[in-house]
Amino acid sequence: MALLTDTKARSIKPGGAPLAHGAVAGLTLHPSANNKGQGKWVLRYVSPVTKKRRNAGLGPYPDVGLADAAKQARAMREQIAQGQDPLEVRASDATKPHLPVLSEAAYMVHKELTPGWKNAKHAQQWINTVTEYALPLLGAIPLDQIQPRHIADVLRPIWLEKPETAGRVKQRLHAVMAWGWAHGYCQSNPVDVVGHLLPLQPGKTVRTQHQPAMPWQAVPAFVTTQLHALHGFEVTRQALMFLILAASRSGEVRFMTWDEVDMKAAVWTLPAERMKAKQIHRVPLSNQAVAILKQQHGLHDTLVFPSVRDRAPLSDMTLTALLRRVEAVSDVAGRTATAHGFRSSFRDWCSEKGYSRDLAERALAHTVQNKVEAAYHRTDLLEQRRPLMQAWADFVMAAK
């Protein structure tokens with residue numbers, strides 16, 4: 001039997017005889033009642049269940065082309081060979097509830113949880129964490145197909161290097177999968193046993209003491225020979241450079257906005273809700289830090305360091321990836337220096353250069369643990385910290 005061509009199919013006349021496809025037994029194109037060149041695909045077969053002849057529609061032509069019609073018909077013929085009636089299978093599939101993939105479930109859970117959060121920032125952080133770390137790998141997988149190994153694949157890259165973040169990701173994935181289990185979309189929660197597939201995390205005290213940090217003596221050479229020699233990562237490089245000069249946390253810099261900056265006074269004021277201690281923090285800006293801000297001006301209306309790709313805040317992984325790319329040396333054998341570790345570099349430099357503990361701790365926005373001592377802290381010593389931050393910047397840029 002000759003194969004049906006598009007030329008012949010497009011010439012089919014209303015009310016005319018059906019045209020055999022030719023590639024699959026029983027597949028024919030039935031003409032439209034009104035329009036020339038249009039029709040409907042039909043596969044005629046004998047049901048292996050009822051032993052009766054049946055006609056299965058495969059869609060309209062030309063919306064469903066010759067190749068697609070043949071593909072559908074072959075799949076149905078395979079079902080028939082296996083003793084299944086294609087129309088019965090189709091009816092059964094139509095009555096099944098939609099099984100959400102992980103990305104759909106995550107956004108539904110986030111929507112349900114949001115009204116319970118007092119702080120909108122926390123709500124946004126919840127979904128941002130899942131979006132950044134889990135959805136690129138698992139977003140398109142239906143809930144009933146997600147196994148512990150899939151969860152482990154998400155957590156493994158950050159399990160030891162960023163244990164707190166890994167903990168948050170694990171907790172949020174557990175909430176999503178628990179929601180799926182409660183709704184009958186999966187039979188278990190794979191997050192419950194994922195710990196058996198991952199190495200043991202060190203205790204929090206050990207993690208704090210051994211956060212990979214670059215020795216303070218190595219910072220100038222790193223900045224001037226490695227960081228400045230980098231090309232193609234301009235915004236990320238500038239953000240990391242500013243982070244080092246301001247001795248700030250990664251999130252403080254990545255989410256930095258222009259309305260927080262007073263260029264005339266050379267002061268960066270972080271609102272309480274963006275600070276770990278939930279207190280306003282002012283950073284006196286060195287000449288070098290101001291120069292970076294001037295270079296960034298005009299790139300984005302709100303963000304100082306916008307992502308080039310989507311104009312959103314840079315991700316923490318972006319800074320980490322840059323440090324890994326240049327193999328930034330650290331004081332922990334076999335590990336790359338982290339962005340947060342430059343705060344330790346700054347603190348060690350302060351001690352070595354004889355700066356007071358009070359100035360150094362205030363520069364890092366550390367809270368005073370002693371309640372009696374904290375009661376006497378009436379000023380943030382902004383102007384006293386200004387020479388400190390300028391001296392640090394001069395040291396960092398000394399080898400340039």
# chains A, B, ... in the order shown; residues from 1 in each chain; ligands from 1
>>> select_by_dssp(residues="range 124-322 of chain A", states="strand (DSSP E or B)", output="PyMOL selection string")
chain A and resi 142+257+261-262+267-270+281-284+303+306+313
>>> write_last_selection(atoms="C-alpha atoms", output="PDB file, in the first residue's frame")
ATOM      1  CA  PRO A 142       6.398  13.885  39.445  1.00  0.00           C
ATOM      2  CA  THR A 257      20.016  48.484  47.032  1.00  0.00           C
ATOM      3  CA  VAL A 261      23.770  54.135  49.991  1.00  0.00           C
ATOM      4  CA  ASP A 262      24.658  57.747  50.777  1.00  0.00           C
ATOM      5  CA  VAL A 267      27.950  55.491  54.267  1.00  0.00           C
ATOM      6  CA  TRP A 268      26.026  52.312  53.543  1.00  0.00           C
ATOM      7  CA  THR A 269      23.079  51.861  55.943  1.00  0.00           C
ATOM      8  CA  LEU A 270      21.559  48.399  56.186  1.00  0.00           C
ATOM      9  CA  HIS A 281      24.082  48.677  60.725  1.00  0.00           C
ATOM     10  CA  ARG A 282      26.085  51.500  59.147  1.00  0.00           C
ATOM     11  CA  VAL A 283      29.212  50.816  57.129  1.00  0.00           C
ATOM     12  CA  PRO A 284      31.723  53.644  56.526  1.00  0.00           C
ATOM     13  CA  LEU A 303      20.051  46.577  42.913  1.00  0.00           C
ATOM     14  CA  PRO A 306      22.268  42.743  39.679  1.00  0.00           C
ATOM     15  CA  PRO A 313      19.970  39.518  43.012  1.00  0.00           C
TER      16      PRO A 313
END
>>> residues_around(residues="Ile244 in chain A", least_positions_apart="6", cutoff="10 Å", atoms="only C-alpha atoms", output="PyMOL selection string")
chain A and resi 219+223+238+250+289+339-343+345-346+392-393+396
>>> write_last_selection(atoms="C-alpha atoms", output="short mmCIF file (atom, residue, chain, number, x, y, z; two decimals), in the first residue's frame")
data_model
loop_
_atom_site.label_atom_id
_atom_site.label_comp_id
_atom_site.auth_asym_id
_atom_site.auth_seq_id
_atom_site.Cartn_x
_atom_site.Cartn_y
_atom_site.Cartn_z
CA VAL A 219 44.22 38.72 50.54
CA VAL A 223 42.67 40.63 44.91
CA GLN A 238 32.77 43.67 41.74
CA SER A 250 27.25 37.63 51.29
CA ALA A 289 34.51 50.85 47.99
CA ALA A 339 32.87 34.58 50.69
CA HIS A 340 31.91 34.60 54.37
CA GLY A 341 35.46 33.64 55.28
CA PHE A 342 36.78 37.08 54.29
CA ARG A 343 35.13 38.42 57.45
CA SER A 345 40.39 37.42 57.31
CA PHE A 346 39.42 40.99 58.23
CA TRP A 392 41.86 47.71 55.56
CA ALA A 393 41.07 48.81 51.99
CA VAL A 396 43.84 44.90 50.47
#
>>> select_by_dssp(residues="range 182-303 of chain A", states="helix (DSSP H, G or I)", output="PyMOL selection string")
chain A and resi 182+190-197+204-209+216-227+234-246+250-254+258-260+272-274+287-296
>>> residues_around(residues="Leu58 in chain A", least_positions_apart="2", cutoff="10 Å", atoms="only C-alpha atoms", output="JSON, numbers by chain")
{"A": [27, 28, 29, 40, 41, 42, 43, 55, 56, 60, 61, 64, 68, 69, 70, 72, 73]}
>>> write_last_selection(atoms="C-alpha atoms", output="PDB file, in the first residue's frame")
ATOM      1  CA  LEU A  27      -5.194   4.189  10.172  1.00  0.00           C
ATOM      2  CA  THR A  28      -7.243   6.395   7.849  1.00  0.00           C
ATOM      3  CA  LEU A  29      -7.928  10.057   7.241  1.00  0.00           C
ATOM      4  CA  LYS A  40      -9.898  13.540  11.180  1.00  0.00           C
ATOM      5  CA  TRP A  41      -7.546  10.653  11.861  1.00  0.00           C
ATOM      6  CA  VAL A  42      -9.208   7.369  12.853  1.00  0.00           C
ATOM      7  CA  LEU A  43      -7.606   4.063  13.826  1.00  0.00           C
ATOM      8  CA  ASN A  55     -12.753   3.386  16.008  1.00  0.00           C
ATOM      9  CA  ALA A  56     -10.259   5.563  17.930  1.00  0.00           C
ATOM     10  CA  PRO A  60      -7.817  16.571  13.343  1.00  0.00           C
ATOM     11  CA  TYR A  61      -5.750  17.015  10.218  1.00  0.00           C
ATOM     12  CA  VAL A  64      -2.064  16.337  13.672  1.00  0.00           C
ATOM     13  CA  ASP A  68       2.278  12.302  14.502  1.00  0.00           C
ATOM     14  CA  ALA A  69      -0.764  10.286  13.502  1.00  0.00           C
ATOM     15  CA  ALA A  70       1.442   7.298  12.654  1.00  0.00           C
ATOM     16  CA  GLN A  72       0.025   7.592  17.950  1.00  0.00           C
ATOM     17  CA  ALA A  73      -1.358   4.696  15.923  1.00  0.00           C
TER      18      ALA A  73
END
>>> atom_distance(atom1="CA of Arg74 in chain A", atom2="CA of Lys13 in chain A")
26.3 Å
>>> residues_around(residues="range 114-127 of chain A", least_positions_apart="3", cutoff="12 Å", atoms="only C-alpha atoms", output="PyMOL selection string")
chain A and resi 103-111+130-135+165+168-173+175-176+251+255+273-275+315
>>> write_last_selection(atoms="N, CA and C atoms", output="mmCIF file, in the first residue's frame")
data_model
loop_
_atom_site.group_PDB
_atom_site.id
_atom_site.type_symbol
_atom_site.label_atom_id
_atom_site.label_comp_id
_atom_site.auth_asym_id
_atom_site.auth_seq_id
_atom_site.Cartn_x
_atom_site.Cartn_y
_atom_site.Cartn_z
ATOM 1 N N SER A 103 8.051 21.117 41.084
ATOM 2 C CA SER A 103 7.947 22.575 41.003
ATOM 3 C C SER A 103 6.523 23.040 41.290
ATOM 4 N N GLU A 104 5.521 22.335 40.748
ATOM 5 C CA GLU A 104 4.132 22.693 41.010
ATOM 6 C C GLU A 104 3.817 22.549 42.497
ATOM 7 N N ALA A 105 4.251 21.439 43.082
ATOM 8 C CA ALA A 105 3.985 21.192 44.495
ATOM 9 C C ALA A 105 4.648 22.239 45.381
ATOM 10 N N ALA A 106 5.887 22.607 45.050
ATOM 11 C CA ALA A 106 6.619 23.586 45.859
ATOM 12 C C ALA A 106 5.896 24.930 45.893
ATOM 13 N N TYR A 107 5.427 25.380 44.741
ATOM 14 C CA TYR A 107 4.735 26.669 44.693
ATOM 15 C C TYR A 107 3.371 26.605 45.373
ATOM 16 N N MET A 108 2.712 25.450 45.307
ATOM 17 C CA MET A 108 1.434 25.311 46.008
ATOM 18 C C MET A 108 1.639 25.314 47.527
ATOM 19 N N VAL A 109 2.659 24.605 47.993
ATOM 20 C CA VAL A 109 2.959 24.584 49.433
ATOM 21 C C VAL A 109 3.338 25.980 49.906
ATOM 22 N N HIS A 110 4.171 26.666 49.122
ATOM 23 C CA HIS A 110 4.580 28.024 49.483
ATOM 24 C C HIS A 110 3.364 28.947 49.597
ATOM 25 N N LYS A 111 2.444 28.814 48.660
ATOM 26 C CA LYS A 111 1.239 29.648 48.686
ATOM 27 C C LYS A 111 0.402 29.381 49.929
ATOM 28 N N VAL A 130 14.325 26.860 47.607
ATOM 29 C CA VAL A 130 13.881 25.684 46.856
ATOM 30 C C VAL A 130 14.139 25.876 45.356
ATOM 31 N N THR A 131 13.841 27.086 44.880
ATOM 32 C CA THR A 131 14.026 27.378 43.452
ATOM 33 C C THR A 131 15.491 27.289 43.043
ATOM 34 N N GLU A 132 16.366 27.798 43.891
ATOM 35 C CA GLU A 132 17.791 27.846 43.542
ATOM 36 C C GLU A 132 18.456 26.478 43.606
ATOM 37 N N TYR A 133 18.150 25.696 44.643
ATOM 38 C CA TYR A 133 18.905 24.469 44.863
ATOM 39 C C TYR A 133 18.196 23.191 44.392
ATOM 40 N N ALA A 134 16.864 23.139 44.478
ATOM 41 C CA ALA A 134 16.161 21.885 44.197
ATOM 42 C C ALA A 134 15.524 21.815 42.817
ATOM 43 N N LEU A 135 14.866 22.890 42.398
ATOM 44 C CA LEU A 135 14.094 22.818 41.163
ATOM 45 C C LEU A 135 14.925 22.591 39.895
ATOM 46 N N THR A 165 22.565 26.053 55.021
ATOM 47 C CA THR A 165 21.721 26.147 53.832
ATOM 48 C C THR A 165 21.178 24.770 53.461
ATOM 49 N N ARG A 168 18.276 23.921 55.580
ATOM 50 C CA ARG A 168 17.043 24.621 55.194
ATOM 51 C C ARG A 168 16.418 23.980 53.957
ATOM 52 N N VAL A 169 17.253 23.643 52.978
ATOM 53 C CA VAL A 169 16.751 23.006 51.763
ATOM 54 C C VAL A 169 16.088 21.671 52.115
ATOM 55 N N LYS A 170 16.752 20.895 52.948
ATOM 56 C CA LYS A 170 16.205 19.597 53.353
ATOM 57 C C LYS A 170 14.866 19.772 54.062
ATOM 58 N N GLN A 171 14.800 20.721 54.974
ATOM 59 C CA GLN A 171 13.565 20.966 55.730
ATOM 60 C C GLN A 171 12.415 21.353 54.796
ATOM 61 N N ARG A 172 12.708 22.205 53.804
ATOM 62 C CA ARG A 172 11.664 22.681 52.900
ATOM 63 C C ARG A 172 11.236 21.598 51.919
ATOM 64 N N LEU A 173 12.169 20.778 51.464
ATOM 65 C CA LEU A 173 11.796 19.652 50.613
ATOM 66 C C LEU A 173 10.965 18.640 51.396
ATOM 67 N N ALA A 175 8.870 19.386 53.737
ATOM 68 C CA ALA A 175 7.527 19.957 53.808
ATOM 69 C C ALA A 175 6.752 19.723 52.515
ATOM 70 N N VAL A 176 7.436 19.873 51.374
ATOM 71 C CA VAL A 176 6.783 19.678 50.075
ATOM 72 C C VAL A 176 6.382 18.216 49.896
ATOM 73 N N GLY A 251 24.870 37.822 51.786
ATOM 74 C CA GLY A 251 23.508 38.281 51.538
ATOM 75 C C GLY A 251 23.348 39.781 51.642
ATOM 76 N N PHE A 255 21.981 41.558 48.089
ATOM 77 C CA PHE A 255 20.664 42.207 48.089
ATOM 78 C C PHE A 255 20.764 43.714 48.347
ATOM 79 N N GLU A 273 15.889 44.739 59.175
ATOM 80 C CA GLU A 273 15.350 43.478 58.667
ATOM 81 C C GLU A 273 16.323 42.732 57.762
ATOM 82 N N ARG A 274 17.375 43.404 57.312
ATOM 83 C CA ARG A 274 18.371 42.726 56.461
ATOM 84 C C ARG A 274 19.582 42.252 57.253
ATOM 85 N N MET A 275 19.571 42.523 58.552
ATOM 86 C CA MET A 275 20.724 42.177 59.376
ATOM 87 C C MET A 275 20.444 40.937 60.225
ATOM 88 N N SER A 315 23.024 35.050 43.213
ATOM 89 C CA SER A 315 22.863 33.940 44.154
ATOM 90 C C SER A 315 24.171 33.730 44.917
#
>>> decode(residues="range 46-59 of chain A", atoms="C-alpha atoms", output="tab-separated table (two decimals), in the first residue's frame")
chain	number	residue	atom	x	y	z
A	46	VAL	CA	-10.52	-5.08	16.96
A	47	SER	CA	-10.53	-4.78	20.74
A	48	PRO	CA	-8.55	-7.61	22.35
A	49	VAL	CA	-10.92	-7.32	25.31
A	50	THR	CA	-14.40	-7.31	23.70
A	51	LYS	CA	-13.40	-8.76	20.30
A	52	LYS	CA	-15.48	-6.01	18.68
A	53	ARG	CA	-14.42	-3.45	16.07
A	54	ARG	CA	-13.73	0.01	17.44
A	55	ASN	CA	-12.75	3.39	16.01
A	56	ALA	CA	-10.26	5.56	17.93
A	57	GLY	CA	-9.92	9.24	17.00
A	58	LEU	CA	-6.35	10.55	16.87
A	59	GLY	CA	-7.08	14.22	16.24
